[in-house]
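What's in protein.pdb: PDB, C-alpha atoms, pLDDT in the B column
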MODEL        1
ATOM      1  CA  MET A   1      28.275 -32.489  90.146  1.00 49.00           C
ATOM      2  CA  GLU A   2      30.743 -29.893  88.911  1.00 63.00           C
ATOM      3  CA  CYS A   3      34.034 -31.733  88.355  1.00 81.00           C
ATOM      4  CA  ARG A   4      36.337 -28.776  88.888  1.00 81.00           C
ATOM      5  CA  HIS A   5      34.701 -28.199  92.257  1.00 81.00           C
ATOM      6  CA  LEU A   6      36.327 -31.461  93.355  1.00 82.00           C
ATOM      7  CA  ASP A   7      39.896 -30.420  92.519  1.00 84.00           C
ATOM      8  CA  ASP A   8      40.710 -29.628  96.147  1.00 85.00           C
ATOM      9  CA  LEU A   9      39.144 -32.823  97.491  1.00 90.00           C
ATOM     10  CA  TYR A  10      40.894 -35.690  95.700  1.00 90.00           C
ATOM     11  CA  GLU A  11      43.782 -36.013  98.167  1.00 91.00           C
ATOM     12  CA  LEU A  12      41.397 -35.780 101.115  1.00 92.00           C
ATOM     13  CA  TYR A  13      39.203 -38.446  99.501  1.00 91.00           C
ATOM     14  CA  LEU A  14      42.173 -40.807  99.173  1.00 91.00           C
ATOM     15  CA  LEU A  15      43.227 -40.162 102.763  1.00 89.00           C
ATOM     16  CA  GLY A  16      39.711 -40.835 104.074  1.00 90.00           C
ATOM     17  CA  ALA A  17      39.508 -37.325 105.506  1.00 91.00           C
ATOM     18  CA  LEU A  18      36.141 -36.303 104.028  1.00 91.00           C
ATOM     19  CA  GLY A  19      32.730 -36.467 105.586  1.00 90.00           C
ATOM     20  CA  VAL A  20      30.359 -39.262 104.655  1.00 92.00           C
ATOM     21  CA  SER A  21      28.250 -37.181 102.263  1.00 90.00           C
ATOM     22  CA  GLU A  22      31.249 -35.720 100.376  1.00 89.00           C
ATOM     23  CA  ARG A  23      32.929 -39.109 100.189  1.00 90.00           C
ATOM     24  CA  SER A  24      29.759 -40.759  98.864  1.00 90.00           C
ATOM     25  CA  GLU A  25      29.206 -38.007  96.314  1.00 85.00           C
ATOM     26  CA  ILE A  26      32.746 -38.326  94.957  1.00 88.00           C
ATOM     27  CA  HIS A  27      32.599 -42.112  94.980  1.00 88.00           C
ATOM     28  CA  GLU A  28      29.395 -42.136  92.940  1.00 86.00           C
ATOM     29  CA  HIS A  29      30.804 -39.604  90.500  1.00 85.00           C
ATOM     30  CA  LEU A  30      33.964 -41.676  89.991  1.00 87.00           C
ATOM     31  CA  ARG A  31      31.841 -44.740  89.249  1.00 90.00           C
ATOM     32  CA  ALA A  32      30.542 -42.853  86.193  1.00 88.00           C
ATOM     33  CA  ASP A  33      34.089 -43.028  84.742  1.00 87.00           C
ATOM     34  CA  CYS A  34      34.497 -39.288  84.319  1.00 86.00           C
ATOM     35  CA  PRO A  35      37.829 -38.975  82.443  1.00 89.00           C
ATOM     36  CA  TYR A  36      38.663 -35.622  84.049  1.00 89.00           C
ATOM     37  CA  CYS A  37      38.126 -36.908  87.586  1.00 89.00           C
ATOM     38  CA  THR A  38      39.863 -40.207  86.896  1.00 89.00           C
ATOM     39  CA  GLU A  39      42.996 -38.349  85.790  1.00 90.00           C
ATOM     40  CA  ARG A  40      42.854 -35.924  88.708  1.00 90.00           C
ATOM     41  CA  LEU A  41      42.431 -38.839  91.123  1.00 91.00           C
ATOM     42  CA  ARG A  42      45.491 -40.527  89.578  1.00 91.00           C
ATOM     43  CA  GLN A  43      47.505 -37.335  90.091  1.00 92.00           C
ATOM     44  CA  ALA A  44      46.241 -37.039  93.661  1.00 92.00           C
ATOM     45  CA  ALA A  45      47.297 -40.633  94.335  1.00 93.00           C
ATOM     46  CA  LEU A  46      50.829 -39.784  93.217  1.00 90.00           C
ATOM     47  CA  THR A  47      50.850 -36.709  95.448  1.00 90.00           C
ATOM     48  CA  VAL A  48      49.717 -38.712  98.475  1.00 89.00           C
ATOM     49  CA  TYR A  49      52.249 -41.431  97.700  1.00 89.00           C
ATOM     50  CA  PHE A  50      55.181 -39.017  97.411  1.00 86.00           C
ATOM     51  CA  LEU A  51      54.182 -37.162 100.570  1.00 84.00           C
ATOM     52  CA  ALA A  52      54.103 -40.459 102.463  1.00 83.00           C
ATOM     53  CA  LEU A  53      57.639 -41.437 101.476  1.00 79.00           C
ATOM     54  CA  PRO A  54      60.223 -41.385 104.245  1.00 77.00           C
ATOM     55  CA  ASP A  55      62.236 -38.232 104.619  1.00 76.00           C
ATOM     56  CA  ARG A  56      65.513 -39.425 103.199  1.00 74.00           C
ATOM     57  CA  LYS A  57      67.616 -38.463 100.243  1.00 76.00           C
ATOM     58  CA  VAL A  58      66.957 -40.549  97.180  1.00 73.00           C
ATOM     59  CA  ARG A  59      68.665 -40.295  93.837  1.00 81.00           C
ATOM     60  CA  VAL A  60      65.955 -39.792  91.262  1.00 80.00           C
ATOM     61  CA  PRO A  61      66.874 -40.829  87.717  1.00 87.00           C
ATOM     62  CA  GLN A  62      67.200 -37.750  85.501  1.00 89.00           C
ATOM     63  CA  PRO A  63      64.490 -38.843  82.994  1.00 90.00           C
ATOM     64  CA  LEU A  64      61.955 -39.313  85.805  1.00 87.00           C
ATOM     65  CA  LYS A  65      62.895 -36.015  87.413  1.00 84.00           C
ATOM     66  CA  ALA A  66      62.466 -34.209  84.078  1.00 86.00           C
ATOM     67  CA  GLN A  67      59.080 -35.868  83.523  1.00 85.00           C
ATOM     68  CA  VAL A  68      57.789 -34.852  86.954  1.00 80.00           C
ATOM     69  CA  LEU A  69      59.012 -31.282  86.528  1.00 81.00           C
ATOM     70  CA  ARG A  70      57.333 -31.021  83.095  1.00 81.00           C
ATOM     71  CA  ARG A  71      54.043 -32.150  84.603  1.00 76.00           C
ATOM     72  CA  LEU A  72      54.309 -29.643  87.438  1.00 74.00           C
ATOM     73  CA  ILE A  73      55.060 -26.800  85.049  1.00 76.00           C
ATOM     74  CA  LYS A  74      51.997 -27.657  82.908  1.00 68.00           C
ATOM     75  CA  LYS A  75      49.701 -26.844  85.843  1.00 52.00           C
TER      76      LYS A  75
ENDMDL
END

Transcribe the structure of this file into structure tokens.
Amino acid sequence: MECRHLDDLYELYLLGALGVSERSEIHEHLRADCPYCTERLRQAALTVYFLALPDRKVRVPQPLKAQVLRRLIKK
């Protein structure tokens, strides 16, 4: 399996929005402890988490905000 091919599927995998064959293929690949996919899945989990937060204003501590922005810029 080509790891980079999965880049657009991690969030869908976490949300349970993939078909059975795609889900199984990704699941089996993740069981092989691929470091690239493990990191991408971690990032996708954060994305899904932040998108699921309620729509309300929250004060984000400046160090955390700077860290998130640095990670976004690196992409």

Apply the PyMOL selection byres ((chain A and resi 45-54) around 10) to the structure shown and report the selected residues as a PDB file with C-alpha atoms, in the frame of the given file.
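This went into expr.pdb:
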ATOM      1  CA  TYR A  10      40.894 -35.690  95.700  1.00 90.00           C
ATOM      2  CA  GLU A  11      43.782 -36.013  98.167  1.00 91.00           C
ATOM      3  CA  LEU A  12      41.397 -35.780 101.115  1.00 92.00           C
ATOM      4  CA  TYR A  13      39.203 -38.446  99.501  1.00 91.00           C
ATOM      5  CA  LEU A  14      42.173 -40.807  99.173  1.00 91.00           C
ATOM      6  CA  LEU A  15      43.227 -40.162 102.763  1.00 89.00           C
ATOM      7  CA  GLU A  39      42.996 -38.349  85.790  1.00 90.00           C
ATOM      8  CA  ARG A  40      42.854 -35.924  88.708  1.00 90.00           C
ATOM      9  CA  LEU A  41      42.431 -38.839  91.123  1.00 91.00           C
ATOM     10  CA  ARG A  42      45.491 -40.527  89.578  1.00 91.00           C
ATOM     11  CA  GLN A  43      47.505 -37.335  90.091  1.00 92.00           C
ATOM     12  CA  ALA A  44      46.241 -37.039  93.661  1.00 92.00           C
ATOM     13  CA  ASP A  55      62.236 -38.232 104.619  1.00 76.00           C
ATOM     14  CA  ARG A  56      65.513 -39.425 103.199  1.00 74.00           C
ATOM     15  CA  LYS A  57      67.616 -38.463 100.243  1.00 76.00           C
ATOM     16  CA  VAL A  58      66.957 -40.549  97.180  1.00 73.00           C
TER      17      VAL A  58
END

Practice item. Given the file shown, enumerate the residues that the PyMOL selection byres ((chain A and resi 26-31) around 12) captures and present them as a PyMOL selection string. Key: chain A and resi 1-14+16+18-25+32-42

Listed atoms of segment 59-67 of chain A boxed along x, y and z, 4 Å each side, centre and edge lengths in Å, one decimal, as AutoDock Vina command-line options:
--center_x 63.9 --center_y -37.5 --center_z 88.4 --size_x 17.6 --size_y 14.6 --size_z 18.8

N, CA and C atoms for segment 5-20 of chain A, written as a compact mmCIF listing (two decimals), keeping the file's coordinate frame, could you do that?
# COMPACT_ATOMS: atom_id res chain seq x y z
N HIS A 5 34.97 -28.46 90.84
CA HIS A 5 34.70 -28.20 92.26
C HIS A 5 35.42 -29.22 93.15
N LEU A 6 35.70 -30.38 92.60
CA LEU A 6 36.33 -31.46 93.36
C LEU A 6 37.85 -31.37 93.39
N ASP A 7 38.43 -30.47 92.63
CA ASP A 7 39.90 -30.42 92.52
C ASP A 7 40.63 -30.37 93.86
N ASP A 8 40.05 -29.74 94.84
CA ASP A 8 40.71 -29.63 96.15
C ASP A 8 40.38 -30.79 97.08
N LEU A 9 39.61 -31.75 96.60
CA LEU A 9 39.14 -32.82 97.49
C LEU A 9 39.75 -34.19 97.20
N TYR A 10 40.41 -34.36 96.07
CA TYR A 10 40.89 -35.69 95.70
C TYR A 10 41.85 -36.28 96.73
N GLU A 11 42.83 -35.49 97.18
CA GLU A 11 43.78 -36.01 98.17
C GLU A 11 43.07 -36.37 99.47
N LEU A 12 42.15 -35.51 99.89
CA LEU A 12 41.40 -35.78 101.12
C LEU A 12 40.55 -37.04 100.97
N TYR A 13 39.98 -37.24 99.78
CA TYR A 13 39.20 -38.45 99.50
C TYR A 13 40.08 -39.69 99.67
N LEU A 14 41.27 -39.66 99.09
CA LEU A 14 42.17 -40.81 99.17
C LEU A 14 42.65 -41.07 100.60
N LEU A 15 42.77 -40.01 101.37
CA LEU A 15 43.23 -40.16 102.76
C LEU A 15 42.09 -40.51 103.72
N GLY A 16 40.86 -40.53 103.22
CA GLY A 16 39.71 -40.84 104.07
C GLY A 16 39.37 -39.71 105.02
N ALA A 17 39.69 -38.47 104.62
CA ALA A 17 39.51 -37.33 105.51
C ALA A 17 38.27 -36.49 105.17
N LEU A 18 37.37 -37.02 104.36
CA LEU A 18 36.14 -36.30 104.03
C LEU A 18 34.97 -36.85 104.84
N GLY A 19 33.95 -36.02 104.94
CA GLY A 19 32.73 -36.47 105.59
C GLY A 19 32.02 -37.51 104.74
N VAL A 20 31.07 -38.18 105.33
CA VAL A 20 30.36 -39.26 104.66
C VAL A 20 29.67 -38.78 103.38
